[in-house]
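Here's protein-v9.txt, which has compact mmCIF, C-alpha atoms:
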# COMPACT_ATOMS: atom_id res chain seq x y z
CA MET A 45 -157.14 3.10 -107.81
CA ASP A 46 -159.55 0.23 -107.11
CA ILE A 47 -161.47 0.98 -110.31
CA ARG A 48 -158.26 0.98 -112.33
CA LEU A 49 -157.22 -2.36 -110.89
CA PHE A 50 -160.66 -3.80 -111.56
CA ASN A 51 -160.73 -2.43 -115.12
CA ASN A 52 -157.29 -3.81 -115.96
CA TRP A 53 -158.10 -7.15 -114.42
CA SER A 54 -161.52 -7.49 -116.08
CA THR A 55 -160.08 -6.46 -119.50
CA GLN A 56 -157.40 -9.13 -119.28
CA LEU A 57 -159.87 -11.76 -118.08
CA ARG A 58 -162.39 -10.86 -120.78
CA LYS A 59 -159.78 -11.15 -123.54
CA GLY A 60 -159.00 -14.72 -122.59
CA MET A 61 -162.58 -15.70 -121.82
CA LEU A 62 -163.87 -14.33 -125.11
CA GLU A 63 -161.76 -16.77 -127.10
CA LEU A 64 -162.87 -19.65 -124.90
CA CYS A 65 -166.54 -18.67 -125.25
CA ILE A 66 -166.34 -18.26 -129.03
CA LEU A 67 -164.75 -21.68 -129.42
CA ASN A 68 -167.34 -23.22 -127.08
CA ALA A 69 -170.17 -21.51 -128.97
CA ILE A 70 -169.23 -23.39 -132.15
CA LYS A 71 -168.10 -26.65 -130.57
CA ASP A 72 -171.20 -28.66 -131.54
CA SER A 73 -172.41 -26.96 -134.68
CA SER A 74 -171.30 -24.42 -137.21
CA LEU A 75 -172.68 -20.94 -136.66
CA TYR A 76 -172.47 -17.69 -138.58
CA GLY A 77 -171.00 -14.58 -136.99
CA TYR A 78 -174.24 -12.95 -135.86
CA ASP A 79 -175.46 -16.19 -134.26
CA ILE A 80 -172.25 -16.35 -132.21
CA VAL A 81 -172.76 -12.73 -131.14
CA ARG A 82 -176.33 -13.56 -130.09
CA LYS A 83 -175.13 -16.51 -127.99
CA LEU A 84 -172.40 -14.47 -126.28
CA ARG A 85 -174.68 -11.48 -125.68
CA ASN A 86 -176.36 -13.46 -122.93
CA ILE A 87 -173.17 -13.68 -120.90
CA GLU A 88 -173.16 -10.61 -118.68
CA GLY A 89 -170.05 -8.44 -119.00
CA LEU A 90 -168.39 -10.54 -121.71
CA LEU A 91 -169.06 -8.44 -124.80
CA VAL A 92 -168.22 -4.79 -124.36
CA THR A 93 -168.75 -4.30 -128.08
CA GLU A 94 -170.17 -6.95 -130.36
CA GLY A 95 -167.67 -6.23 -133.10
CA THR A 96 -164.81 -7.60 -131.00
CA ILE A 97 -165.71 -11.18 -131.88
CA TYR A 98 -165.12 -10.80 -135.63
CA PRO A 99 -161.39 -9.98 -135.43
CA ILE A 100 -161.03 -12.90 -133.00
CA LEU A 101 -162.83 -15.22 -135.41
CA SER A 102 -160.57 -14.03 -138.24
CA ARG A 103 -157.47 -14.65 -136.15
CA LEU A 104 -158.67 -18.09 -135.08
CA LYS A 105 -159.26 -18.86 -138.74
CA ARG A 106 -155.79 -17.64 -139.72
CA GLU A 107 -154.27 -19.78 -136.99
CA GLY A 108 -156.20 -22.84 -138.16
CA PHE A 109 -158.47 -23.34 -135.13
CA VAL A 110 -161.59 -22.47 -137.07
CA GLN A 111 -162.68 -22.96 -140.67
CA THR A 112 -165.41 -21.23 -142.61
CA THR A 113 -167.93 -22.29 -145.20
CA ILE A 114 -170.28 -20.09 -147.16
CA LYS A 115 -173.86 -21.35 -147.03
CA GLU A 116 -176.91 -20.03 -148.80
CA SER A 117 -179.55 -18.47 -146.57
CA ASN A 118 -183.32 -18.36 -147.02
CA GLU A 119 -183.50 -14.95 -145.34
CA GLY A 120 -180.87 -13.09 -147.32
CA PRO A 121 -177.43 -13.30 -148.93
CA PRO A 122 -175.08 -16.27 -148.35
CA ARG A 123 -173.62 -16.42 -144.84
CA LYS A 124 -170.22 -17.38 -143.59
CA TYR A 125 -170.41 -20.23 -141.08
CA TYR A 126 -167.66 -20.94 -138.61
CA GLU A 127 -166.77 -24.38 -137.26
CA LEU A 128 -163.95 -25.89 -135.27
CA THR A 129 -161.12 -27.71 -137.00
CA THR A 130 -159.49 -30.75 -135.39
CA LYS A 131 -156.77 -28.45 -134.08
CA GLY A 132 -159.48 -26.16 -132.73
CA LYS A 133 -161.21 -29.04 -130.96
CA GLU A 134 -157.94 -30.09 -129.33
CA ILE A 135 -157.10 -26.62 -128.08
CA LEU A 136 -160.68 -26.11 -126.85
CA SER A 137 -160.49 -29.32 -124.85
CA GLN A 138 -157.24 -28.12 -123.25
CA MET A 139 -158.66 -24.68 -122.59
CA ASN A 140 -161.83 -26.08 -121.02
CA ASN A 141 -159.84 -28.37 -118.74
CA TYR A 142 -157.54 -25.53 -117.75
CA TRP A 143 -160.46 -23.22 -117.06
CA GLN A 144 -162.24 -25.95 -115.06
CA ASP A 145 -159.15 -26.42 -112.87
CA ILE A 146 -158.90 -22.70 -112.22
CA LYS A 147 -162.61 -22.38 -111.55
CA THR A 148 -162.58 -25.33 -109.14
CA GLY A 149 -159.59 -23.91 -107.30
CA THR A 150 -161.09 -20.40 -107.17
CA ASP A 151 -164.43 -21.72 -105.95
CA ALA A 152 -162.67 -23.74 -103.25
CA LEU A 153 -160.86 -20.60 -102.10
CA ARG A 154 -164.09 -18.65 -102.02
CA ARG A 155 -165.81 -21.41 -100.03
CA GLU A 156 -162.93 -21.33 -97.53
CA GLU A 157 -163.48 -17.61 -97.13
CA LYS A 158 -167.10 -18.17 -96.22
CA LEU A 159 -166.30 -20.78 -93.57
CA MET B 23 -180.18 -6.58 -149.08
CA ILE B 24 -181.49 -4.49 -146.23
CA ASN B 25 -183.51 -1.43 -146.89
CA LEU B 26 -181.78 1.57 -145.31
CA SER B 27 -183.03 5.14 -145.13
CA ASN B 28 -180.80 7.73 -146.78
CA SER B 29 -179.32 8.95 -143.50
CA ALA B 30 -178.74 5.35 -142.33
CA LYS B 31 -177.06 4.49 -145.61
CA LYS B 32 -174.78 7.51 -145.26
CA CYS B 33 -173.99 6.49 -141.68
CA LEU B 34 -173.10 2.93 -142.76
CA ASP B 35 -170.94 4.20 -145.64
CA GLU B 36 -169.02 6.43 -143.23
CA TYR B 37 -168.52 3.53 -140.81
CA LEU B 38 -167.23 1.26 -143.58
CA GLN B 39 -165.03 4.04 -144.93
CA GLN B 40 -163.49 4.51 -141.47
CA ILE B 41 -162.81 0.78 -141.27
CA ARG B 42 -161.09 0.89 -144.65
CA THR B 43 -158.99 3.85 -143.52
CA TYR B 44 -157.92 2.09 -140.34
CA LEU B 45 -157.15 -1.15 -142.16
CA ARG B 46 -155.03 0.55 -144.83
CA GLY B 47 -151.63 -1.13 -144.84
CA CYS B 48 -152.80 -3.88 -142.50
CA LYS B 49 -151.25 -7.16 -143.64
CA THR B 50 -153.21 -9.79 -141.76
CA VAL B 51 -156.75 -8.45 -142.03
CA ASP B 52 -158.68 -8.38 -145.27
CA ALA B 53 -160.73 -5.16 -145.41
CA ASP B 54 -163.26 -6.78 -147.79
CA GLU B 55 -163.82 -9.61 -145.33
CA VAL B 56 -164.34 -7.17 -142.47
CA GLU B 57 -166.79 -5.19 -144.58
CA ARG B 58 -168.69 -8.40 -145.38
CA ASN B 59 -168.77 -9.26 -141.67
CA VAL B 60 -170.18 -5.85 -140.79
CA ILE B 61 -172.82 -5.96 -143.51
CA GLU B 62 -173.77 -9.54 -142.60
CA HIS B 63 -174.10 -8.51 -138.96
CA ILE B 64 -176.33 -5.55 -139.82
CA GLU B 65 -178.44 -7.60 -142.22
CA SER B 66 -178.95 -10.21 -139.53
CA GLU B 67 -179.98 -7.53 -137.04
CA PHE B 68 -182.60 -6.11 -139.39
CA GLU B 69 -183.64 -9.35 -141.00
CA SER B 70 -187.24 -8.95 -139.86
CA ALA B 71 -187.50 -5.22 -140.53
CA THR B 72 -190.47 -4.35 -142.67
CA ALA B 73 -189.78 -0.65 -143.23
CA ALA B 74 -186.57 1.16 -144.16
CA VAL B 75 -184.06 1.13 -141.30
CA SER B 76 -183.74 4.58 -139.76
CA PHE B 77 -180.51 6.33 -138.82
CA GLU B 78 -181.24 5.88 -135.08
CA GLU B 79 -181.84 2.14 -135.45
CA LEU B 80 -178.65 1.63 -137.44
CA ASP B 81 -176.64 3.86 -135.14
CA SER B 82 -177.60 1.81 -132.08
CA VAL B 83 -176.44 -1.37 -133.87
CA LEU B 84 -173.15 0.29 -134.87
CA GLN B 85 -172.67 1.52 -131.30
CA ARG B 86 -173.03 -2.05 -130.05
CA LEU B 87 -170.72 -3.25 -132.81
CA GLY B 88 -168.07 -0.83 -131.57
CA SER B 89 -165.53 1.58 -132.98
CA PRO B 90 -164.17 0.96 -136.52
CA ARG B 91 -160.72 1.06 -134.92
CA GLN B 92 -161.24 -2.23 -133.10
CA TRP B 93 -161.07 -4.21 -136.35
CA ILE B 94 -157.33 -3.71 -136.54
CA PRO B 95 -155.31 -6.26 -134.59
CA GLU B 96 -153.20 -4.27 -132.09
CA GLU B 97 -149.98 -5.99 -133.19
CA GLU B 98 -150.61 -4.74 -136.73
CA LEU B 99 -150.66 -1.07 -135.79
CA PRO B 100 -147.63 0.99 -136.81
CA TRP B 101 -145.68 2.35 -133.82
CA TRP B 102 -147.11 5.85 -134.05
CA ARG B 103 -150.65 4.51 -134.22
CA LYS B 104 -149.97 2.27 -131.23
CA ILE B 105 -148.98 5.37 -129.27
CA ILE B 106 -152.10 7.26 -130.33
CA PHE B 107 -154.19 4.17 -129.67
CA SER B 108 -152.70 3.84 -126.18
CA LEU B 109 -153.28 7.53 -125.54
CA ARG B 110 -156.90 7.29 -126.52
CA THR B 111 -157.85 3.96 -125.08
CA GLY B 112 -155.13 2.88 -122.70
CA PRO B 113 -155.33 3.04 -118.94
CA GLU B 114 -154.54 6.39 -117.34
CA ASP B 115 -151.02 5.43 -116.18
CA TRP B 116 -150.00 4.68 -119.79
CA ARG B 117 -151.72 7.72 -121.21
CA LEU B 118 -149.91 10.04 -118.80
CA ALA B 119 -146.58 8.28 -119.38
CA TYR B 120 -146.86 8.74 -123.15
CA ILE B 121 -147.90 12.39 -122.82
CA SER B 122 -144.98 13.06 -120.48
CA PHE B 123 -142.48 11.48 -122.88
CA GLY B 124 -144.06 13.23 -125.88
CA LEU B 125 -143.74 16.63 -124.21
CA LEU B 126 -140.12 15.92 -123.31
CA ILE B 127 -139.22 14.95 -126.88
CA ALA B 128 -141.10 17.98 -128.23
CA GLY B 129 -139.15 20.13 -125.75
CA PHE B 130 -135.88 18.90 -127.23
CA ILE B 131 -137.01 19.19 -130.84
CA ILE B 132 -138.64 22.63 -130.60
CA LEU B 133 -135.76 24.14 -128.66
CA PRO B 134 -137.12 27.52 -127.54
CA SER B 135 -140.19 25.84 -126.11
CA PHE B 136 -138.24 23.53 -123.80
CA ILE B 137 -138.63 26.07 -120.98
CA VAL B 138 -142.35 25.34 -121.00
CA LEU B 139 -142.47 21.77 -122.34
CA ILE B 140 -139.95 20.17 -119.98
CA PRO B 141 -141.68 21.45 -116.81
CA ALA B 142 -145.00 20.38 -118.39
CA SER B 143 -143.54 16.93 -119.08
CA PHE B 144 -142.33 16.81 -115.47
CA ILE B 145 -145.78 17.72 -114.10
CA VAL B 146 -147.44 15.02 -116.20
CA ALA B 147 -144.77 12.51 -115.09
CA ARG B 148 -145.51 13.37 -111.45
CA ALA B 149 -149.21 12.91 -112.19
CA ALA B 150 -148.41 9.46 -113.62
CA LEU B 151 -146.49 8.69 -110.43
CA ALA B 152 -149.41 9.86 -108.30
CA GLU B 153 -151.78 7.75 -110.40
CA ALA B 154 -149.66 4.68 -109.74
CA ALA B 155 -149.62 5.42 -106.00
CA ASP B 156 -146.89 2.85 -105.52
CA PRO B 157 -143.97 3.53 -107.93
CA ASN B 158 -143.20 -0.19 -107.90
CA GLU B 159 -146.44 -0.68 -109.81
CA LEU B 160 -144.92 1.13 -112.78
CA LYS B 161 -143.26 -1.25 -115.16
CA SER B 162 -142.27 -0.17 -118.66
CA GLN B 163 -143.85 3.24 -118.05
CA LYS B 164 -140.69 4.05 -116.10
CA TRP B 165 -138.84 4.45 -119.39
CA LEU B 166 -141.33 7.09 -120.42
CA ILE B 167 -141.66 9.11 -117.23
CA TYR B 168 -138.23 8.83 -115.60
CA PRO B 169 -136.29 10.87 -118.21
CA SER B 170 -138.19 14.09 -117.47
CA LEU B 171 -138.10 13.38 -113.72
CA ILE B 172 -134.33 12.84 -113.82
CA ILE B 173 -133.73 16.02 -115.86
CA VAL B 174 -135.82 18.24 -113.58
CA TYR B 175 -134.66 16.58 -110.34
CA SER B 176 -130.99 16.94 -111.38
CA PHE B 177 -131.54 20.64 -112.06
CA VAL B 178 -133.42 21.19 -108.78
CA LEU B 179 -130.93 19.12 -106.77
CA PHE B 180 -127.97 21.01 -108.23
CA TRP B 181 -129.46 24.39 -107.30
CA LEU B 182 -130.72 23.15 -103.95
CA LEU B 183 -127.23 22.04 -102.97
CA ALA B 184 -125.14 24.70 -104.69
CA TRP B 185 -127.10 27.97 -104.64
CA PRO B 186 -125.15 29.43 -101.65
CA ALA B 187 -121.90 29.05 -103.60
CA PHE B 188 -123.31 31.10 -106.50
CA ALA B 189 -124.94 33.69 -104.25
CA LEU B 190 -121.79 34.15 -102.13
CA SER B 191 -119.50 34.26 -105.20
CA THR B 192 -121.60 37.09 -106.63
CA ALA B 193 -121.46 38.89 -103.27
CA ALA B 194 -117.68 38.37 -103.12
CA TYR B 195 -117.21 39.97 -106.54
CA GLU B 196 -119.39 42.91 -105.54
CA TRP B 197 -117.47 43.37 -102.29
CA GLU B 198 -114.12 43.17 -104.03
CA ARG B 199 -115.24 45.94 -106.37
CA ASP B 200 -116.26 48.09 -103.36
CA VAL B 201 -112.95 47.48 -101.59
CA ARG B 202 -110.99 48.33 -104.74
CA SER B 203 -112.93 51.57 -105.22
CA SER B 204 -112.30 52.57 -101.58
CA TYR B 205 -108.65 51.46 -101.55
CA PRO B 206 -107.20 51.79 -105.08
CA GLN B 207 -103.80 50.82 -103.75
CA PHE B 208 -105.18 47.56 -102.37
CA ALA B 209 -103.55 44.91 -104.53
CA ASP B 210 -103.58 41.76 -102.46
CA ASP B 211 -105.91 39.73 -104.68
CA LEU B 212 -104.67 36.37 -103.48
CA HIS B 213 -105.39 37.05 -99.80
CA TYR B 214 -108.80 38.43 -100.62
CA TRP B 215 -109.80 35.45 -102.74
CA ILE B 216 -108.54 32.91 -100.19
CA MET B 217 -110.73 34.65 -97.64
CA ALA B 218 -113.70 34.88 -100.02
CA THR B 219 -113.41 31.23 -101.12
CA SER B 220 -113.20 30.14 -97.48
CA PHE B 221 -116.39 32.02 -96.63
CA ILE B 222 -118.12 30.62 -99.73
CA ILE B 223 -117.22 27.05 -98.70
CA ALA B 224 -118.24 27.78 -95.10
CA GLY B 225 -121.57 29.14 -96.35
CA LEU B 226 -122.07 26.03 -98.45
CA GLY B 227 -121.28 23.83 -95.46
CA LEU B 228 -123.72 25.77 -93.29
CA TRP B 229 -126.44 25.35 -95.91
CA TRP B 230 -125.85 21.59 -96.07
CA ILE B 231 -126.12 21.45 -92.26
CA VAL B 232 -129.46 23.27 -92.55
CA LEU B 233 -130.61 20.82 -95.28
CA ALA B 234 -129.59 17.84 -93.14
CA GLY B 235 -131.44 19.38 -90.18
CA VAL B 236 -134.59 19.89 -92.26
CA HIS B 237 -134.40 16.29 -93.44
CA LEU B 238 -133.93 15.01 -89.88
CA LYS B 239 -136.90 17.10 -88.74
CA CYS B 240 -139.31 16.20 -91.55
CA ARG B 241 -138.04 13.10 -93.28
CA ARG B 242 -140.79 12.77 -95.84
CA LEU B 243 -140.20 16.21 -97.36
CA LEU B 244 -137.20 15.16 -99.44
CA GLN B 245 -138.79 11.82 -100.35
CA VAL B 246 -141.93 13.56 -101.60
CA LEU B 247 -139.92 16.25 -103.40
CA PHE B 248 -137.72 13.76 -105.26
CA LYS B 249 -140.17 10.86 -105.50
CA PRO B 250 -139.43 8.05 -106.36
CA PHE B 251 -135.64 8.44 -106.20
CA ALA B 252 -135.11 9.68 -102.63
CA GLY B 253 -136.37 6.58 -100.85
CA TRP B 254 -132.79 5.55 -100.02
CA PHE B 255 -131.98 8.91 -98.40
CA SER B 256 -132.51 7.86 -94.82
CA ARG B 257 -131.62 9.45 -91.47
CA LYS B 258 -128.14 7.93 -91.76
CA TRP B 259 -127.47 9.82 -95.01
CA ALA B 260 -128.80 13.03 -93.48
CA LEU B 261 -126.21 12.59 -90.73
CA VAL B 262 -123.52 12.02 -93.37
CA LEU B 263 -124.58 15.28 -95.08
CA LEU B 264 -124.52 17.02 -91.68
CA LEU B 265 -120.96 15.80 -91.02
CA ILE B 266 -119.80 16.82 -94.51
CA GLY B 267 -121.37 20.24 -93.90
CA LEU B 268 -119.57 20.55 -90.58
CA GLY B 269 -116.34 19.29 -92.16
CA LEU B 270 -116.58 22.01 -94.82
CA MET B 271 -117.78 24.80 -92.58
CA VAL B 272 -115.50 24.65 -89.53
CA PRO B 273 -112.04 24.72 -91.19
CA SER B 274 -113.20 27.09 -93.98
CA LEU B 275 -114.70 29.48 -91.45
CA GLY B 276 -111.47 29.39 -89.44
CA LEU B 277 -109.37 30.07 -92.54
CA GLY B 278 -111.75 32.80 -93.69
CA ILE B 279 -111.63 34.60 -90.32
CA TRP B 280 -107.83 34.31 -90.24
CA TYR B 281 -107.50 35.99 -93.66
CA TRP B 282 -110.19 38.51 -92.69
CA PHE B 283 -107.94 39.73 -89.84
CA LYS B 284 -104.89 39.68 -92.10
CA LEU B 285 -106.70 41.80 -94.67
CA GLY B 286 -108.02 44.08 -91.91
CA ILE B 287 -104.45 44.69 -90.69
CA MET B 288 -103.33 45.34 -94.28
CA VAL B 289 -106.17 47.87 -94.76
CA LEU B 290 -105.13 49.58 -91.51
CA VAL B 291 -101.52 49.72 -92.73
CA ILE B 292 -102.68 51.20 -96.07
CA ASP B 293 -104.83 53.75 -94.15
CA ASN B 294 -101.83 54.84 -92.05
CA LEU B 295 -99.51 55.25 -95.01

Would you mind writing the file out in structure tokens?
Amino acid sequence: MDIRLFNNWSTQLRKGMLELCILNAIKDSSLYGYDIVRKLRNIEGLLVTEGTIYPILSRLKREGFVQTTIKESNEGPPRKYYELTTKGKEILSQMNNYWQDIKTGTDALRREEKL
Amino acid sequence: MINLSNSAKKCLDEYLQQIRTYLRGCKTVDADEVERNVIEHIESEFESATAAVSFEELDSVLQRLGSPRQWIPEEELPWWRKIIFSLRTGPEDWRLAYISFGLLIAGFIILPSFIVLIPASFIVARAALAEAADPNELKSQKWLIYPSLIIVYSFVLFWLLAWPAFALSTAAYEWERDVRSSYPQFADDLHYWIMATSFIIAGLGLWWIVLAGVHLKCRRLLQVLFKPFAGWFSRKWALVLLLIGLGLMVPSLGLGIWYWFKLGIMVLVIDNL
């Protein structure tokens, strides 16, 4: 019962957080898919499977939050680089603020618990 | 291009083929783009490889990449694939709910098998209920598990309440046959059946009194038996059932005994003729 609750909760949380993390990963510079995976790999528990980020990137592209450019690579074939559009930057700013508010509130609650 | 061993190449081809199969008919995802993403990912993983990539090395990358199925957006799946997808990957409460509903539908479609499939659907529905622990936790799953519960509960409830009427009716027919064989001239059908019906109703009333008594003694029994629908059946309703039972039993028993004596006198008269 507890495991089921935790699994459902963590799946829902991960879905939302994954989008936020992908957008944050490319907020300053354009990256290609594998580079984004490498960045997100370091966040414990975020990526259950690495392939999940590609469908999200495709959807974000379809919805106009991300745009792609094909760039030549010294190491191999041309790579597809992802970067935020203006619309993507706006939504990321909103998402970061929203997340910050929730995190601040949650941390405050947890601190109260400790007192 | 990466240098793959033969077995690794075969493994990659199979993975890409599975992706193509899953993405067939998918409107929003371009299978070629997905294939490019996968190849780009693998090439990046093995960028520094000096020798041919072995099957094991590639397989571990594909394992981390995940199932080919995940490339399809869930909203793009046709309804039957969504069901299979939920069965295979969904949480247990959904999986059980779908199985229960599937068995019920199969029971109706493949008619002779309903004797097995409907009880099976009921058992799985009860398992889904047990999994949820609190039935209020179930949301849309109710639509999937309640039909089989309602069908089986209605059947059980009907027999639980009415079996004495059927058992006593059968006994009354048997007895009438015996009486007729012993007394061929006995022709008072109406008196006999008033008596028999009175005893049947009295028996039914007595059984309902017993049921009410059992519920008053162990209140959770009925709630567990008919979970989650019997929560409302409180002590008050058990008392109502008890009163209805008494209301049926006392006058019917009186009427039955009255006609019993009348028939007894008639039998005596016939004997003396």

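Counting all atoms listed in the file, the residue from B:Trp259, B:Tyr195, B:Leu171, B:Lys49 that sits nearest to Gly235 of chain B is B:Trp259.
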
Name the residues in contact with Ala234 of chain B at a cut-off of 12 Å, using only C-alpha atoms, excluding same-chain residues fewer than 6 positions from it; report them as an mmCIF file with C-alpha atoms, in the frame of the given file.
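To be explicit, this is the file written out as around.cif:
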data_model
loop_
_atom_site.group_PDB
_atom_site.id
_atom_site.type_symbol
_atom_site.label_atom_id
_atom_site.label_comp_id
_atom_site.auth_asym_id
_atom_site.auth_seq_id
_atom_site.Cartn_x
_atom_site.Cartn_y
_atom_site.Cartn_z
ATOM 1 C CA LEU B 183 -127.230 22.040 -102.970
ATOM 2 C CA GLY B 227 -121.280 23.830 -95.460
ATOM 3 C CA LEU B 228 -123.720 25.770 -93.290
ATOM 4 C CA CYS B 240 -139.310 16.200 -91.550
ATOM 5 C CA ARG B 241 -138.040 13.100 -93.280
ATOM 6 C CA LEU B 243 -140.200 16.210 -97.360
ATOM 7 C CA LEU B 244 -137.200 15.160 -99.440
ATOM 8 C CA PHE B 255 -131.980 8.910 -98.400
ATOM 9 C CA SER B 256 -132.510 7.860 -94.820
ATOM 10 C CA ARG B 257 -131.620 9.450 -91.470
ATOM 11 C CA LYS B 258 -128.140 7.930 -91.760
ATOM 12 C CA TRP B 259 -127.470 9.820 -95.010
ATOM 13 C CA ALA B 260 -128.800 13.030 -93.480
ATOM 14 C CA LEU B 261 -126.210 12.590 -90.730
ATOM 15 C CA VAL B 262 -123.520 12.020 -93.370
ATOM 16 C CA LEU B 263 -124.580 15.280 -95.080
ATOM 17 C CA LEU B 264 -124.520 17.020 -91.680
ATOM 18 C CA LEU B 265 -120.960 15.800 -91.020
ATOM 19 C CA ILE B 266 -119.800 16.820 -94.510
ATOM 20 C CA GLY B 267 -121.370 20.240 -93.900
ATOM 21 C CA LEU B 268 -119.570 20.550 -90.580
#

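Closest to Ala150 of chain B among B:Tyr44, B:Trp116, B:Phe123, B:Tyr281 is B:Trp116, based on all atoms listed in the file.
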
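Nearest to chain B of all the residues A:Lys105, A:Lys71, A:Lys83, A:Arg123 is A:Arg123, counting all atoms listed in the file.
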
Counting only C-alpha atoms, closest pick from A:Leu153, A:Leu49, A:Leu57, A:Leu67 relative to chain B is A:Leu49

**Request:** Enumerate as a PyMOL selection string the residues belonging to chain A that approach chain B to within 10 Å, with all atoms listed in the file taken into account.
**Result:** chain A and resi 45+48-49+51-52+76-79+81-82+91-100+102-103+106+119-124

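Coordinates place atom CA of Leu270 of chain B at a distance of 17.8 Å from atom CA of Trp282 of chain B.
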
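The space separating atom CA of Ser170 of chain B from atom CA of Ala152 of chain B comes to 15.1 Å.
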
*List the residues sitting within 9 Å of (-166.8, -0.9, -146.8) in the file's frame, using all atoms listed in the file, as number ranges by chain.*
B: 34-42, 53-54, 56-58, 60-61

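Note that the spacing between atom CA of Tyr142 of chain A and atom CA of Arg85 of chain A amounts to 23.5 Å.
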
Counting all atoms listed in the file, what is within 12 Å of Glu134 of chain A, bar same-chain residues fewer than 2 positions away, as an mmCIF file with C-alpha atoms, in the frame of the given file?
data_model
loop_
_atom_site.group_PDB
_atom_site.id
_atom_site.type_symbol
_atom_site.label_atom_id
_atom_site.label_comp_id
_atom_site.auth_asym_id
_atom_site.auth_seq_id
_atom_site.Cartn_x
_atom_site.Cartn_y
_atom_site.Cartn_z
ATOM 1 C CA LEU A 67 -164.750 -21.680 -129.420
ATOM 2 C CA ASN A 68 -167.340 -23.220 -127.080
ATOM 3 C CA LYS A 71 -168.100 -26.650 -130.570
ATOM 4 C CA GLY A 108 -156.200 -22.840 -138.160
ATOM 5 C CA PHE A 109 -158.470 -23.340 -135.130
ATOM 6 C CA VAL A 110 -161.590 -22.470 -137.070
ATOM 7 C CA LEU A 128 -163.950 -25.890 -135.270
ATOM 8 C CA THR A 129 -161.120 -27.710 -137.000
ATOM 9 C CA THR A 130 -159.490 -30.750 -135.390
ATOM 10 C CA LYS A 131 -156.770 -28.450 -134.080
ATOM 11 C CA GLY A 132 -159.480 -26.160 -132.730
ATOM 12 C CA LEU A 136 -160.680 -26.110 -126.850
ATOM 13 C CA SER A 137 -160.490 -29.320 -124.850
ATOM 14 C CA GLN A 138 -157.240 -28.120 -123.250
ATOM 15 C CA MET A 139 -158.660 -24.680 -122.590
ATOM 16 C CA ASN A 140 -161.830 -26.080 -121.020
ATOM 17 C CA ASN A 141 -159.840 -28.370 -118.740
#

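Proximity ranking of B:Ser274, B:Ser203, B:Thr43, B:Asn25 relative to Thr72 of chain B places B:Asn25 first, based on all atoms listed in the file.
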
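If all atoms listed in the file are the atoms counted, then among A:Tyr126, A:Ser54, A:Ile87, A:Leu101 the closest residue to Asp72 of chain A is A:Tyr126.
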
Step by step, gather every atom of segment 57-61 of chain A that the file lists, find the box along x, y and z that holds them, add 8 Å on each side, and finally give centre and edge lengths in Å to one decimal, as AutoDock Vina command-line options.
--center_x -160.8 --center_y -13.3 --center_z -120.8 --size_x 19.6 --size_y 20.8 --size_z 21.5
